[in-house]
>>> print(open('work.tsv').read())   # TSV, C-alpha atoms
chain	number	residue	atom	x	y	z
A	610	LEU	CA	-1.60	-13.74	-5.33
A	611	VAL	CA	-0.02	-10.38	-6.17
A	612	TYR	CA	-2.09	-8.36	-3.69
A	613	TYR	CA	-1.96	-10.81	-0.80
A	614	ALA	CA	1.45	-12.51	-1.15
A	615	LEU	CA	3.86	-10.31	-3.09
A	616	LEU	CA	2.80	-6.73	-2.42
A	617	PRO	CA	2.65	-6.68	1.43
A	618	PRO	CA	6.37	-7.51	1.86
A	619	ILE	CA	7.26	-4.87	-0.75
A	620	ILE	CA	5.22	-2.24	1.09
A	621	PHE	CA	6.75	-3.34	4.42
A	622	VAL	CA	10.32	-3.01	3.12
A	623	ALA	CA	9.52	0.36	1.54
A	624	GLY	CA	8.12	1.64	4.81
A	625	PHE	CA	10.92	0.14	6.88
A	626	THR	CA	13.72	1.59	4.77
A	627	MET	CA	12.27	5.01	3.99
A	628	ARG	CA	13.65	8.11	5.63
A	629	LYS	CA	10.79	8.85	7.98
A	630	ARG	CA	11.81	12.44	8.76
A	631	HIS	CA	11.71	13.41	5.07
A	632	PHE	CA	8.50	11.47	4.51
A	633	PHE	CA	6.59	13.14	7.35
A	634	ALA	CA	8.00	16.56	6.47
A	635	ASN	CA	6.39	16.19	3.02
A	636	LEU	CA	3.36	14.15	4.10
A	637	PHE	CA	0.72	16.54	2.72
A	638	THR	CA	2.34	16.64	-0.72
A	639	VAL	CA	2.87	12.87	-0.77
A	640	LEU	CA	-0.77	12.26	0.21
A	641	LEU	CA	-1.93	14.73	-2.43
A	642	LEU	CA	0.03	12.82	-5.07
A	643	ALA	CA	-0.88	9.34	-3.83
A	644	LEU	CA	-4.59	9.51	-2.97
A	645	PRO	CA	-6.17	11.58	-5.75
A	646	GLY	CA	-3.45	10.69	-8.24
A	647	THR	CA	-3.93	6.94	-7.94
A	648	LEU	CA	-7.72	7.21	-7.86
A	649	VAL	CA	-7.77	9.45	-10.94
A	650	ALA	CA	-5.43	7.03	-12.73
A	651	ALA	CA	-7.61	4.03	-11.80
A	652	LEU	CA	-10.87	5.72	-12.80
A	653	SER	CA	-9.40	7.18	-16.01
A	654	LEU	CA	-7.94	3.88	-17.12
A	655	GLY	CA	-11.09	1.96	-16.22
A	656	SER	CA	-13.34	4.50	-17.96
A	657	GLY	CA	-11.10	4.59	-21.02
A	658	LEU	CA	-11.13	0.81	-21.30
A	659	TYR	CA	-14.90	0.77	-20.88
A	660	GLY	CA	-15.20	3.36	-23.64
A	661	LEU	CA	-13.09	1.16	-25.94
A	662	VAL	CA	-15.21	-1.90	-25.07
A	663	HIS	CA	-18.41	0.08	-25.61
A	664	ALA	CA	-17.11	1.36	-28.99
A	665	GLY	CA	-16.34	-2.21	-30.04
A	666	VAL	CA	-12.57	-1.69	-30.27
A	667	LEU	CA	-11.93	-4.21	-27.48
A	668	GLN	CA	-13.79	-7.38	-26.69
A	669	SER	CA	-15.87	-7.28	-23.50
A	670	PRO	CA	-14.11	-9.04	-20.61
A	671	ALA	CA	-17.53	-9.91	-19.19
A	672	GLY	CA	-18.46	-11.97	-22.24
A	673	PRO	CA	-21.21	-11.35	-24.78
A	674	GLY	CA	-24.04	-9.33	-23.27
A	675	GLY	CA	-22.20	-8.93	-19.94
A	676	ASP	CA	-21.52	-5.63	-18.22
A	677	ALA	CA	-17.83	-4.77	-18.49
A	678	SER	CA	-17.92	-1.60	-16.37
A	679	LEU	CA	-16.73	-3.09	-13.09
A	680	THR	CA	-14.26	-5.39	-14.80
A	681	CYS	CA	-12.67	-2.37	-16.47
A	682	LEU	CA	-12.60	-0.46	-13.18
A	683	LEU	CA	-11.03	-3.46	-11.42
A	684	PHE	CA	-8.33	-3.59	-14.09
A	685	GLY	CA	-7.79	0.17	-13.76
A	686	ALA	CA	-7.33	-0.16	-9.99
A	687	LEU	CA	-4.97	-3.10	-10.48
A	688	ILE	CA	-2.78	-1.27	-13.01
A	689	SER	CA	-2.85	2.20	-11.43
A	690	SER	CA	-0.20	1.28	-8.89
A	691	THR	CA	3.17	2.32	-10.28
A	692	ASP	CA	6.66	1.16	-9.41
A	693	PRO	CA	9.19	3.96	-9.95
A	694	VAL	CA	12.37	1.91	-9.47
A	695	ALA	CA	13.85	3.08	-12.78
A	696	THR	CA	12.83	6.68	-12.09
A	697	LEU	CA	14.47	6.64	-8.66
A	698	ALA	CA	17.64	5.09	-10.10
A	699	ILE	CA	17.85	7.81	-12.76
A	700	LEU	CA	17.23	10.51	-10.14
A	701	ARG	CA	20.13	9.18	-8.07
A	702	GLU	CA	22.36	8.98	-11.15
A	703	VAL	CA	21.74	12.59	-12.19
A	704	LYS	CA	21.95	13.74	-8.56
A	705	ALA	CA	18.46	15.22	-8.48
A	706	PRO	CA	17.39	17.18	-5.40
A	707	PRO	CA	16.58	14.89	-2.44
A	708	LEU	CA	13.10	16.43	-2.17
A	709	LEU	CA	12.12	15.04	-5.59
A	710	ASN	CA	13.45	11.59	-4.66
A	711	ASN	CA	11.57	11.65	-1.35
A	712	LEU	CA	8.30	12.74	-2.96
A	713	ILE	CA	8.42	10.03	-5.63
A	714	PHE	CA	9.45	7.32	-3.15
A	715	GLY	CA	6.76	8.32	-0.64
A	716	GLU	CA	4.09	8.48	-3.33
A	717	SER	CA	5.06	5.07	-4.69
A	718	ALA	CA	4.83	3.52	-1.22
A	719	LEU	CA	1.34	4.93	-0.64
A	720	ASN	CA	-0.10	4.43	-4.12
A	721	ASP	CA	0.24	0.66	-3.68
A	722	ALA	CA	-1.99	0.86	-0.62
A	723	VAL	CA	-4.49	3.16	-2.38
A	724	SER	CA	-4.59	0.78	-5.34
A	725	ILE	CA	-5.31	-2.19	-3.06
A	726	VAL	CA	-8.12	-0.31	-1.32
A	727	ALA	CA	-9.64	0.82	-4.65
A	728	PHE	CA	-9.45	-2.73	-6.03
A	729	ASN	CA	-11.20	-4.11	-2.92
A	730	VAL	CA	-13.92	-1.45	-3.06
A	731	PHE	CA	-14.65	-2.18	-6.74
A	732	ARG	CA	-14.55	-5.94	-6.12
A	733	ASP	CA	-16.95	-5.66	-3.19
A	734	ALA	CA	-19.30	-3.51	-5.28
A	735	ALA	CA	-19.24	-6.13	-8.05
A	736	LEU	CA	-19.90	-9.01	-5.65
A	737	ARG	CA	-22.48	-7.26	-3.50
A	738	HIS	CA	-24.57	-5.89	-6.37
A	739	ALA	CA	-24.17	-8.49	-9.10
A	740	ALA	CA	-27.60	-7.73	-10.58
A	741	ASP	CA	-27.07	-3.96	-10.64
A	742	PRO	CA	-23.33	-3.23	-10.33
A	743	PHE	CA	-23.69	0.53	-10.64
A	744	ARG	CA	-25.80	0.63	-7.47
A	745	GLY	CA	-22.62	-0.25	-5.56
A	746	LEU	CA	-20.70	2.46	-7.42
A	747	SER	CA	-22.56	5.46	-6.08
A	748	PRO	CA	-20.20	8.17	-4.81
A	749	ARG	CA	-21.51	7.64	-1.27
A	750	ALA	CA	-20.96	3.86	-1.40
A	751	LEU	CA	-17.48	4.30	-2.87
A	752	CYS	CA	-16.45	6.86	-0.25
A	753	LEU	CA	-17.81	4.74	2.60
A	754	GLY	CA	-16.16	1.60	1.24
A	755	PHE	CA	-12.86	3.38	0.68
A	756	THR	CA	-12.87	4.97	4.14
A	757	ARG	CA	-13.92	1.74	5.88
A	758	THR	CA	-11.27	-0.34	4.12
A	759	LEU	CA	-8.57	2.26	4.66
A	760	PHE	CA	-9.18	2.66	8.40
A	761	LEU	CA	-9.70	-1.05	9.05
A	762	SER	CA	-6.45	-1.78	7.21
A	763	LEU	CA	-4.63	0.88	9.23
A	764	ALA	CA	-6.05	-0.49	12.49
A	765	LEU	CA	-5.15	-4.08	11.60
A	766	GLY	CA	-1.64	-3.06	10.51
A	767	LEU	CA	-1.13	-1.08	13.71
A	768	ALA	CA	-2.36	-3.99	15.87
A	769	VAL	CA	-0.12	-6.52	14.11
A	770	GLY	CA	2.84	-4.13	14.27
A	771	LEU	CA	2.37	-3.48	18.00
A	772	ALA	CA	1.94	-7.20	18.71
A	773	ALA	CA	5.10	-8.03	16.74
A	774	SER	CA	6.97	-5.24	18.50
A	775	ALA	CA	5.87	-6.48	21.95
A	776	ALA	CA	6.79	-10.07	21.08
A	777	THR	CA	10.19	-9.00	19.78
A	778	LEU	CA	10.83	-6.89	22.87
A	779	ARG	CA	9.78	-9.71	25.17
A	780	LEU	CA	11.92	-12.27	23.33
A	781	ASN	CA	14.93	-9.97	23.13
A	782	GLY	CA	14.52	-8.93	26.77
A	783	GLY	CA	14.42	-12.55	27.89
A	784	LEU	CA	17.33	-13.59	25.71
A	785	ALA	CA	19.34	-10.51	26.57
A	786	GLY	CA	18.76	-11.02	30.29
A	787	ARG	CA	19.87	-14.66	30.10
A	788	ALA	CA	22.90	-13.71	28.02
A	789	GLN	CA	23.88	-10.99	30.50
A	790	ARG	CA	23.50	-13.36	33.46
A	791	ALA	CA	25.52	-16.00	31.64
A	792	ALA	CA	28.20	-13.50	30.66
A	793	GLY	CA	28.21	-12.05	34.19
A	794	ALA	CA	28.65	-15.50	35.74
A	795	ARG	CA	31.56	-16.32	33.44
A	796	SER	CA	33.23	-12.93	33.72
A	797	THR	CA	33.61	-13.11	37.48
A	798	PRO	CA	37.27	-13.72	38.30
A	799	PRO	CA	37.91	-17.12	39.94
A	800	GLU	CA	39.53	-15.51	43.02
A	801	LEU	CA	36.28	-13.61	43.77
A	802	GLU	CA	34.10	-16.71	43.65
>>> encode(input="work.tsv", output="structure tokens")
Amino acid sequence: LVYYALLPPIIFVAGFTMRKRHFFANLFTVLLLALPGTLVAALSLGSGLYGLVHAGVLQSPAGPGGDASLTCLLFGALISSTDPVATLAILREVKAPPLLNNLIFGESALNDAVSIVAFNVFRDAALRHAADPFRGLSPRALCLGFTRTLFLSLALGLAVGLAASAATLRLNGGLAGRAQRAAGARSTPPELE
């Protein structure tokens, strides 16, 4: 529900309202913060939870005798996405440099997407290799899954965006043309008719 119903509109609004010039001027830094940062957070949290389960501090989410590794990694990917609303509000209040605000806002917009992709990759590994979950977690399989999901998501988003843009242009063009013709017909002085 969160990933498919609530998060896409949040990402859309963040992308729609962001200052694109500042975002693209700092794209390398934002990507450096978002991609490795979110993946490191997801893997660290998942590994730390697995260590606590393995040490017996936490109960295994997979049940007695079950393998909790992928469950912990799924939870790490789910939680690794941060929402810096309070941080951005404080930065505005203390009048921090705009660069800092732009970097944090850009990173927060992209780390949601990275978190979704990581969650889907871990979920697919768990479903595809239920008997041996670590077979699906090889570095090669993770990189391929991450790259495939990322580029397919970008292609789908681009296609939907272009289709929506064309539909909006067509609808607005048709409505605007009718409105101009109607306004033109009414604005003609009676003595010229």
>>> closest_residue(input="work.tsv", among="A:Thr696, A:Asn711, A:Ser717, A:Asn729", to="Gly646 of chain A", atoms="all atoms listed in the file")
A:Ser717
>>> atom_distance(input="work.tsv", atom1="atom CA of Met627 of chain A", atom2="atom CA of Phe684 of chain A")
28.7 Å
>>> closest_residue(input="work.tsv", among="A:Ala705, A:Ala651, A:Val723, A:Leu658", to="Ser689 of chain A", atoms="all atoms listed in the file")
A:Ala651
>>> closest_residue(input="work.tsv", among="A:Ala718, A:Leu640, A:Ser656, A:Val726", to="Leu763 of chain A", atoms="only C-alpha atoms")
A:Val726
>>> atom_distance(input="work.tsv", atom1="atom CA of Pro693 of chain A", atom2="atom CA of Ile713 of chain A")
7.5 Å
>>> atom_distance(input="work.tsv", atom1="atom CA of Asn710 of chain A", atom2="atom CA of Arg628 of chain A")
10.9 Å
>>> closest_residue(input="work.tsv", among="A:Leu753, A:Val694, A:Ile688, A:Leu771", to="Ile725 of chain A", atoms="all atoms listed in the file")
A:Ile688
>>> axis_aligned_box(input="work.tsv", around="segment 694-713 of chain A", padding_each_side="3 Å", output="lines of an AutoDock Vina configuration file")
center_x = 15.3
center_y = 9.5
center_z = -7.1
size_x = 20.1
size_y = 21.3
size_z = 17.4
>>> residues_near_point(input="work.tsv", point="(-2.7, 7.7, -11.4)", cutoff="10 Å", atoms="all atoms listed in the file", output="ChimeraX atom specification")
/A:642-654,685-686,688-691,720,724
>>> decode(input="work.tsv", residues="segment 721-768 of chain A", atoms="N, CA and C atoms", output="mmCIF file, in the first residue's frame")
data_model
loop_
_atom_site.group_PDB
_atom_site.id
_atom_site.type_symbol
_atom_site.label_atom_id
_atom_site.label_comp_id
_atom_site.auth_asym_id
_atom_site.auth_seq_id
_atom_site.Cartn_x
_atom_site.Cartn_y
_atom_site.Cartn_z
ATOM 1 N N ASP A 721 13.875 7.764 -2.185
ATOM 2 C CA ASP A 721 12.623 7.010 -2.205
ATOM 3 C C ASP A 721 12.624 6.019 -3.368
ATOM 4 N N ALA A 722 13.050 6.495 -4.533
ATOM 5 C CA ALA A 722 13.097 5.624 -5.704
ATOM 6 C C ALA A 722 14.118 4.499 -5.518
ATOM 7 N N VAL A 723 15.275 4.817 -4.971
ATOM 8 C CA VAL A 723 16.304 3.793 -4.737
ATOM 9 C C VAL A 723 15.796 2.758 -3.727
ATOM 10 N N SER A 724 15.105 3.217 -2.717
ATOM 11 C CA SER A 724 14.550 2.311 -1.710
ATOM 12 C C SER A 724 13.514 1.367 -2.325
ATOM 13 N N ILE A 725 12.680 1.892 -3.208
ATOM 14 C CA ILE A 725 11.676 1.051 -3.878
ATOM 15 C C ILE A 725 12.363 -0.011 -4.732
ATOM 16 N N VAL A 726 13.372 0.404 -5.482
ATOM 17 C CA VAL A 726 14.085 -0.545 -6.348
ATOM 18 C C VAL A 726 14.786 -1.608 -5.501
ATOM 19 N N ALA A 727 15.447 -1.204 -4.419
ATOM 20 C CA ALA A 727 16.124 -2.183 -3.548
ATOM 21 C C ALA A 727 15.116 -3.150 -2.939
ATOM 22 N N PHE A 728 13.984 -2.646 -2.481
ATOM 23 C CA PHE A 728 12.942 -3.510 -1.912
ATOM 24 C C PHE A 728 12.479 -4.526 -2.945
ATOM 25 N N ASN A 729 12.233 -4.080 -4.187
ATOM 26 C CA ASN A 729 11.770 -4.997 -5.233
ATOM 27 C C ASN A 729 12.826 -6.038 -5.588
ATOM 28 N N VAL A 730 14.085 -5.638 -5.605
ATOM 29 C CA VAL A 730 15.155 -6.593 -5.907
ATOM 30 C C VAL A 730 15.240 -7.657 -4.819
ATOM 31 N N PHE A 731 15.193 -7.254 -3.551
ATOM 32 C CA PHE A 731 15.247 -8.222 -2.450
ATOM 33 C C PHE A 731 14.007 -9.118 -2.441
ATOM 34 N N ARG A 732 12.846 -8.530 -2.714
ATOM 35 C CA ARG A 732 11.607 -9.320 -2.756
ATOM 36 C C ARG A 732 11.662 -10.349 -3.871
ATOM 37 N N ASP A 733 12.118 -9.935 -5.059
ATOM 38 C CA ASP A 733 12.228 -10.864 -6.176
ATOM 39 C C ASP A 733 13.218 -11.982 -5.870
ATOM 40 N N ALA A 734 14.321 -11.648 -5.217
ATOM 41 C CA ALA A 734 15.302 -12.679 -4.833
ATOM 42 C C ALA A 734 14.671 -13.664 -3.861
ATOM 43 N N ALA A 735 13.875 -13.170 -2.932
ATOM 44 C CA ALA A 735 13.231 -14.057 -1.951
ATOM 45 C C ALA A 735 12.200 -14.955 -2.621
ATOM 46 N N LEU A 736 11.443 -14.414 -3.561
ATOM 47 C CA LEU A 736 10.404 -15.209 -4.222
ATOM 48 C C LEU A 736 10.977 -16.173 -5.247
ATOM 49 N N ARG A 737 11.997 -15.749 -5.964
ATOM 50 C CA ARG A 737 12.567 -16.565 -7.026
ATOM 51 C C ARG A 737 13.380 -17.733 -6.482
ATOM 52 N N HIS A 738 14.056 -17.519 -5.366
ATOM 53 C CA HIS A 738 14.946 -18.547 -4.818
ATOM 54 C C HIS A 738 14.525 -18.868 -3.387
ATOM 55 N N ALA A 739 13.298 -19.333 -3.228
ATOM 56 C CA ALA A 739 12.781 -19.604 -1.885
ATOM 57 C C ALA A 739 13.590 -20.695 -1.183
ATOM 58 N N ALA A 740 14.055 -21.690 -1.924
ATOM 59 C CA ALA A 740 14.817 -22.770 -1.293
ATOM 60 C C ALA A 740 16.204 -22.303 -0.869
ATOM 61 N N ASP A 741 16.844 -21.488 -1.685
ATOM 62 C CA ASP A 741 18.181 -20.980 -1.383
ATOM 63 C C ASP A 741 18.202 -19.473 -1.628
ATOM 64 N N PRO A 742 17.751 -18.679 -0.642
ATOM 65 C CA PRO A 742 17.602 -17.238 -0.872
ATOM 66 C C PRO A 742 18.913 -16.518 -1.177
ATOM 67 N N PHE A 743 20.034 -17.024 -0.691
ATOM 68 C CA PHE A 743 21.285 -16.322 -0.929
ATOM 69 C C PHE A 743 21.776 -16.490 -2.360
ATOM 70 N N ARG A 744 21.233 -17.472 -3.096
ATOM 71 C CA ARG A 744 21.598 -17.612 -4.497
ATOM 72 C C ARG A 744 21.125 -16.383 -5.286
ATOM 73 N N GLY A 745 19.980 -15.836 -4.902
ATOM 74 C CA GLY A 745 19.463 -14.642 -5.558
ATOM 75 C C GLY A 745 20.130 -13.369 -5.088
ATOM 76 N N LEU A 746 20.984 -13.471 -4.057
ATOM 77 C CA LEU A 746 21.644 -12.291 -3.509
ATOM 78 C C LEU A 746 23.102 -12.176 -3.921
ATOM 79 N N SER A 747 23.492 -12.860 -4.976
ATOM 80 C CA SER A 747 24.861 -12.699 -5.443
ATOM 81 C C SER A 747 25.028 -11.267 -5.949
ATOM 82 N N PRO A 748 26.236 -10.720 -5.861
ATOM 83 C CA PRO A 748 26.441 -9.346 -6.334
ATOM 84 C C PRO A 748 26.002 -9.150 -7.786
ATOM 85 N N ARG A 749 26.257 -10.153 -8.619
ATOM 86 C CA ARG A 749 25.858 -10.049 -10.025
ATOM 87 C C ARG A 749 24.340 -9.994 -10.154
ATOM 88 N N ALA A 750 23.635 -10.872 -9.440
ATOM 89 C CA ALA A 750 22.169 -10.885 -9.505
ATOM 90 C C ALA A 750 21.578 -9.596 -8.957
ATOM 91 N N LEU A 751 22.153 -9.084 -7.879
ATOM 92 C CA LEU A 751 21.658 -7.823 -7.311
ATOM 93 C C LEU A 751 21.870 -6.659 -8.271
ATOM 94 N N CYS A 752 23.066 -6.573 -8.867
ATOM 95 C CA CYS A 752 23.341 -5.484 -9.807
ATOM 96 C C CYS A 752 22.437 -5.570 -11.032
ATOM 97 N N LEU A 753 22.262 -6.774 -11.572
ATOM 98 C CA LEU A 753 21.383 -6.932 -12.733
ATOM 99 C C LEU A 753 19.939 -6.580 -12.379
ATOM 100 N N GLY A 754 19.477 -7.065 -11.240
ATOM 101 C CA GLY A 754 18.109 -6.767 -10.813
ATOM 102 C C GLY A 754 17.904 -5.286 -10.568
ATOM 103 N N PHE A 755 18.879 -4.653 -9.922
ATOM 104 C CA PHE A 755 18.783 -3.230 -9.637
ATOM 105 C C PHE A 755 18.768 -2.430 -10.931
ATOM 106 N N THR A 756 19.688 -2.745 -11.846
ATOM 107 C CA THR A 756 19.774 -2.024 -13.115
ATOM 108 C C THR A 756 18.520 -2.237 -13.950
ATOM 109 N N ARG A 757 18.052 -3.486 -14.030
ATOM 110 C CA ARG A 757 16.843 -3.780 -14.810
ATOM 111 C C ARG A 757 15.637 -3.020 -14.259
ATOM 112 N N THR A 758 15.437 -3.086 -12.956
ATOM 113 C CA THR A 758 14.295 -2.408 -12.350
ATOM 114 C C THR A 758 14.395 -0.902 -12.510
ATOM 115 N N LEU A 759 15.579 -0.363 -12.327
ATOM 116 C CA LEU A 759 15.773 1.082 -12.443
ATOM 117 C C LEU A 759 15.449 1.571 -13.848
ATOM 118 N N PHE A 760 16.011 0.909 -14.872
ATOM 119 C CA PHE A 760 15.799 1.375 -16.237
ATOM 120 C C PHE A 760 14.392 1.095 -16.740
ATOM 121 N N LEU A 761 13.797 -0.027 -16.342
ATOM 122 C CA LEU A 761 12.407 -0.270 -16.727
ATOM 123 C C LEU A 761 11.472 0.743 -16.074
ATOM 124 N N SER A 762 11.754 1.095 -14.830
ATOM 125 C CA SER A 762 10.936 2.106 -14.146
ATOM 126 C C SER A 762 11.078 3.463 -14.817
ATOM 127 N N LEU A 763 12.311 3.822 -15.176
ATOM 128 C CA LEU A 763 12.531 5.093 -15.875
ATOM 129 C C LEU A 763 11.815 5.107 -17.225
ATOM 130 N N ALA A 764 11.903 4.004 -17.966
ATOM 131 C CA ALA A 764 11.244 3.939 -19.270
ATOM 132 C C ALA A 764 9.725 4.017 -19.124
ATOM 133 N N LEU A 765 9.174 3.304 -18.161
ATOM 134 C CA LEU A 765 7.727 3.341 -17.936
ATOM 135 C C LEU A 765 7.284 4.734 -17.504
ATOM 136 N N GLY A 766 8.030 5.354 -16.590
ATOM 137 C CA GLY A 766 7.698 6.707 -16.151
ATOM 138 C C GLY A 766 7.771 7.707 -17.286
ATOM 139 N N LEU A 767 8.781 7.581 -18.133
ATOM 140 C CA LEU A 767 8.916 8.471 -19.284
ATOM 141 C C LEU A 767 7.761 8.273 -20.262
ATOM 142 N N ALA A 768 7.393 7.015 -20.531
ATOM 143 C CA ALA A 768 6.289 6.744 -21.457
ATOM 144 C C ALA A 768 4.969 7.292 -20.919
#
